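All remarks here apply to the structure that follows.
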Amino acid sequence: MTPSKGTQEISDELVDKMKILRANRLTYAIIHELTGVSTGSVSKYCRDVKFLPKQMCHNPFDLMSDKEMAKIYKDQQRTPENLELAKSLGDIDYFKEQYEQGTRFAGPLSKISLMDLQELMDTPTDYHSPLKIDQWMRYYLEGREGSFLTKSPHLWCDLQMQMFDLHQEHKRIMVETFRDAGKTMVANGILSRAICENRENNYFIMSETKQKAAKRIKQIGDVLVSNKRLIADYGFLPNIKRFKGLKQSWKSDEITVKRHFKQTDPSLMGFSTESPAATGAHFAGGVFDDVWSFSLEQNSMKNKEKFFGWYDGELEGCLEDAWELWLLTRKGPTDLYQDLEDSQFYVIYKKPAIITYPSDWKAVYKNVGGQKVFDHIKIIKKDGKITSDGNGRFSMEFFLEKKLKMRADKFESEYQLNPIAAAGRYWKK
């Protein structure tokens with residue numbers, strides 16, 4: 001704010017408007033009528049303004065429009081002062097005209113359409129962000145259009161931030177967490193960042209089924225196509241061919257981005273436990289996102305033999321010095337993950353839902369037409385502890401209700417990371 005005489009304060013934006021009006025040959029009195037600023041203040045701030053040639057002047061009522069004001073530099077003198085004024089007023093045309101190919105876009109993203117930004121940023125920038133991984137995730141992939149997470153409480157949480165940090169610290173790691181802890185979004189975020197920062201490399205994501213793998217690929221692809229902040233900094237990376245409109249050259253199980261050197265292998269490949277495949281590409285890293293299921297565990301020995309036959313005989317030769325991130329929920333005492341833990345090749349990180357149970361709690365029931373029906377959990381002594389996500393999504397009551405509702409072996413595997421053999425149908429409390 002710029003102080004004027006007396007107690008009145010005049011904003012810098014209003015001062016700029018007055019100067020434009022004066023440059024268009026308006027008298028101090030008329031500027032006073034249009035802006036409400038005293039003629040003395042108008043004179044003070046506009047006394048050094050030079051008049052434009054008459055043929056370049058605009059209607060004063062047009063000039064009072066922010067949109068018209070910002071576009072003045074187009075048909076008035078392209079002096080450094082006018083260009084700087086257009087920049088300060090956020091005229092998107094100024095930033096588009098000043099943009100140099102292969103550099104980051106500095107204009108206001110709210111004022112440029114997604115398609116215009118895609119076309120402007122068609123050449124990748126080779127930008128490398130100085131942000132740490134947790135900062136990167138919050139800056140690019142949270143709370144805005146084109147992000148994985150847009151609304152509270154489904155934003156990046158403390159538990160997910162821990163997973164990101166662990167991925168940075170360890171080359172091979174198994175992160176075991178309870179169901180609904182946000183592992184898939186962690187996988188998507190890590191791969192999105194890897195593609196943006198190192199687009200010459202090849203990566204993969206593996207899930208239990210083709211459908212789940214394809215869904216992960218689509219989520220990552222949608223971010224690369226529609227996230228304005230990513231596009232403005234890294235360029236429009238998707239390798240999309242334009243012929244009679246937009247035509248995407250991707251497939252449901254792979255993504256290819258623009259690279260310096262032409263490669264036959266995709267930038268990101270998706271495959272599944274039910275139909276594993278690796279094309280001979282050499283991967284810089286890969287995410288195994290819940291690759292094992294209860295259905296696979298029913299015939300554990302046969303399915304593990306098939307998996308390790310593929311992993312050892314085909315995938316291992318493609319990994320070389322690649323990082324591996326396993327995001328998982330246990331499925332049974334003899335599941336695939338137990339074999340991996342026993343191999344001692346991976347750092348194991350575990351976060352069960354309930355760390356310590358409350359010493360006194362009970363299930364409260366209600367009578368519905370003479371029938372006893374569960375109503376809610378009552379915690380009498382609040383001395384228990386859960387793994388909190390930091391966003392308030394989970395509570396002790398939530399997990400205890402799951403404990404009562406699910407089979408004992410399924411709850412212990414999926415929430416407590418303590419796989420046990422199947423026993424009775426329900427827990428007793």
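Chain labels A, B, ... are given in the sequence in which chains occur in the structure tokens; within each chain residues are numbered consecutively from 1, and ligands are likewise numbered from 1 in the order shown.
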Set the distance at 12 Å and use only C-alpha atoms: which residues neighbour A:Glu169 once local chain neighbours fewer than 4 positions away are removed? I'd like the list as a list in words.
Ile133, Gln162, Met163, Phe164, Asp165, Ile173, Trp323, Glu324, Leu325 and Val347 of chain A
Would you put the residues from that selection into a file with C-alpha atoms, as a PDB file, in the first residue's frame?
ATOM      1  CA  ILE A 133      10.265 -35.617  -1.746  1.00  0.00           C
ATOM      2  CA  GLN A 162       7.029 -41.523   6.358  1.00  0.00           C
ATOM      3  CA  MET A 163       6.715 -43.936   3.426  1.00  0.00           C
ATOM      4  CA  PHE A 164       8.203 -41.345   1.056  1.00  0.00           C
ATOM      5  CA  ASP A 165      11.154 -40.759   3.377  1.00  0.00           C
ATOM      6  CA  ILE A 173      12.278 -51.764   1.323  1.00  0.00           C
ATOM      7  CA  TRP A 323      15.361 -49.626  -6.421  1.00  0.00           C
ATOM      8  CA  GLU A 324      12.434 -51.730  -5.220  1.00  0.00           C
ATOM      9  CA  LEU A 325       9.535 -50.521  -3.128  1.00  0.00           C
ATOM     10  CA  VAL A 347      14.450 -53.327   5.070  1.00  0.00           C
TER      11      VAL A 347
END
Find the residues around A:Thr177 up to 9 Å (only C-alpha atoms counted), leave out those fewer than 5 positions away in its own chain, and share them as a list in words.
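Counting only the stated atoms, we get Gly182, Lys183, Leu327, Leu328, Thr329, Arg330, Tyr349, Lys350, Lys351, Pro352, Ala353, Glu414, Tyr415, Gln416 and Leu417 of chain A.
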I need the chosen residues saved as a CSV table (one decimal), in the first residue's frame, with C-alpha atoms.
chain,number,residue,atom,x,y,z
A,182,GLY,CA,-2.9,-44.8,1.4
A,183,LYS,CA,-0.2,-47.1,-0.1
A,327,LEU,CA,3.9,-51.7,-0.4
A,328,LEU,CA,1.8,-54.4,1.2
A,329,THR,CA,-0.8,-55.8,3.6
A,330,ARG,CA,-0.2,-59.3,4.9
A,349,TYR,CA,9.0,-51.3,8.1
A,350,LYS,CA,5.7,-52.1,9.9
A,351,LYS,CA,2.9,-49.9,11.0
A,352,PRO,CA,-0.1,-51.9,12.5
A,353,ALA,CA,-3.5,-50.2,13.0
A,414,GLU,CA,-5.0,-56.9,7.2
A,415,TYR,CA,-4.9,-54.5,10.1
A,416,GLN,CA,-2.4,-55.9,12.6
A,417,LEU,CA,0.2,-57.3,10.2
Give one line per residue of stretch 168-248 of chain A that approaches stretch 391-396 of chain A to at most 12 Å, naming the two atoms of the closest pair and their distance in Å to one decimal, counting only C-alpha atoms; sort by chain then ascending residue number and deliver it as JSON lines.
{"residue": "A:Phe178", "atom": "CA", "partner": "A:Phe394", "partner_atom": "CA", "distance": 11.3}
{"residue": "A:Arg179", "atom": "CA", "partner": "A:Phe394", "partner_atom": "CA", "distance": 11.4}
{"residue": "A:Asp180", "atom": "CA", "partner": "A:Phe394", "partner_atom": "CA", "distance": 9.7}
{"residue": "A:Ala181", "atom": "CA", "partner": "A:Phe394", "partner_atom": "CA", "distance": 9.5}
{"residue": "A:Gly182", "atom": "CA", "partner": "A:Arg393", "partner_atom": "CA", "distance": 11.1}
Using only C-alpha atoms, which of the listed residues (A:Gly384, A:Pro333, A:Gly317, A:Pro238) sits closest to A:Ser300?
A:Pro333
Write out as a ChimeraX atom specification all residues of stretch 259-413 of chain A that backbone DSSP assigns to helix (DSSP H, G or I).
/A:294-297,300-319,336-342,396-405,408-413
Stretch 358-361 of chain A: which residues within 7 Å, counting only C-alpha atoms, same-chain residues fewer than 6 positions away excluded, as a ChimeraX atom specification?
/A:378-384
For the selection just defined, write its residues with N, CA and C atoms to a file, as a CSV table (one decimal), in the first residue's frame.
chain,number,residue,atom,x,y,z
A,378,LYS,N,-17.6,-48.6,22.8
A,378,LYS,CA,-17.4,-47.7,23.9
A,378,LYS,C,-16.1,-48.0,24.5
A,379,ILE,N,-15.2,-47.1,24.6
A,379,ILE,CA,-13.9,-47.2,25.2
A,379,ILE,C,-14.0,-46.6,26.6
A,380,ILE,N,-13.7,-47.5,27.6
A,380,ILE,CA,-13.9,-47.1,28.9
A,380,ILE,C,-12.6,-46.5,29.4
A,381,LYS,N,-11.4,-47.1,29.2
A,381,LYS,CA,-10.1,-46.5,29.5
A,381,LYS,C,-9.4,-46.2,28.2
A,382,LYS,N,-9.1,-44.9,28.1
A,382,LYS,CA,-8.4,-44.4,26.9
A,382,LYS,C,-6.9,-44.5,27.0
A,383,ASP,N,-6.4,-45.7,27.2
A,383,ASP,CA,-5.0,-45.9,27.3
A,383,ASP,C,-4.4,-46.7,26.2
A,384,GLY,N,-5.2,-46.8,25.1
A,384,GLY,CA,-4.7,-47.5,23.9
A,384,GLY,C,-4.0,-46.5,22.9
Extract, using only C-alpha atoms, all DNA, RNA and protein residues at most 6 Å from stretch 213-215 of chain A, discarding same-chain residues fewer than 5 positions from it, and format them as a PyMOL selection string.
chain A and resi 207+252-253+270-271
Would you mind exporting the chosen residues as an mmCIF file, in the first residue's frame, restricted to C-alpha atoms?
data_model
loop_
_atom_site.group_PDB
_atom_site.id
_atom_site.type_symbol
_atom_site.label_atom_id
_atom_site.label_comp_id
_atom_site.auth_asym_id
_atom_site.auth_seq_id
_atom_site.Cartn_x
_atom_site.Cartn_y
_atom_site.Cartn_z
ATOM 1 C CA SER A 207 -0.380 -55.026 -8.832
ATOM 2 C CA SER A 252 -3.653 -49.229 -20.757
ATOM 3 C CA ASP A 253 -0.499 -50.921 -19.434
ATOM 4 C CA GLY A 270 2.277 -51.913 -15.562
ATOM 5 C CA PHE A 271 1.903 -55.644 -15.064
#
As a list in words, please: the residues near A:Cys46 (cut-off 12 Å, only C-alpha atoms, same-chain neighbours under 4 positions excluded).
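Listed by chain and then number, they are Leu14, Val15, Asp16, Lys17, Met18, Lys19, Ile20, Leu21, Arg22, Ala23, Asn24, Arg25, Leu26, Thr27, Tyr28, Ile31, His32, Val37, Thr39, Gly40, Ser41, Val42, Lys50 and Phe51 of chain A.
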Would you give me, as a PyMOL selection string, the residues in stretch 271-367 of chain A that DSSP reads as strand (DSSP E)?
chain A and resi 271-272+285-289+323-328+347-351+354-356+360-367
Give me the residues near A:Asp389 as a VMD selection string, where near means some atom within 7 Å (using only C-alpha atoms) and where sequence neighbours in that chain fewer than 4 positions away do not count.
chain A and resid 157 to 159 393
Would you mind exporting N, CA and C atoms of the selected residues as a PDB file, in the first residue's frame?
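Listing of part-v5.pdb after writing:
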ATOM      1  N   CYS A 157      -0.890 -37.564   4.184  1.00  0.00           N
ATOM      2  CA  CYS A 157      -0.898 -37.671   5.637  1.00  0.00           C
ATOM      3  C   CYS A 157       0.503 -37.988   6.151  1.00  0.00           C
ATOM      4  N   ASP A 158       0.663 -37.909   7.472  1.00  0.00           N
ATOM      5  CA  ASP A 158       1.965 -38.144   8.094  1.00  0.00           C
ATOM      6  C   ASP A 158       2.488 -39.544   7.785  1.00  0.00           C
ATOM      7  N   LEU A 159       1.599 -40.522   7.789  1.00  0.00           N
ATOM      8  CA  LEU A 159       2.007 -41.901   7.528  1.00  0.00           C
ATOM      9  C   LEU A 159       2.568 -42.042   6.114  1.00  0.00           C
ATOM     10  N   ARG A 393      -8.497 -39.469   9.964  1.00  0.00           N
ATOM     11  CA  ARG A 393      -9.372 -40.432   9.279  1.00  0.00           C
ATOM     12  C   ARG A 393      -9.682 -41.647  10.144  1.00  0.00           C
TER      13      ARG A 393
END
Point out the residue among A:Leu109, A:Val186, A:Leu120, A:Leu319 with the least atom-to-atom distance to A:Lys228, counting only C-alpha atoms.
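Ranked by minimum distance to A:Lys228, first place goes to A:Leu109.
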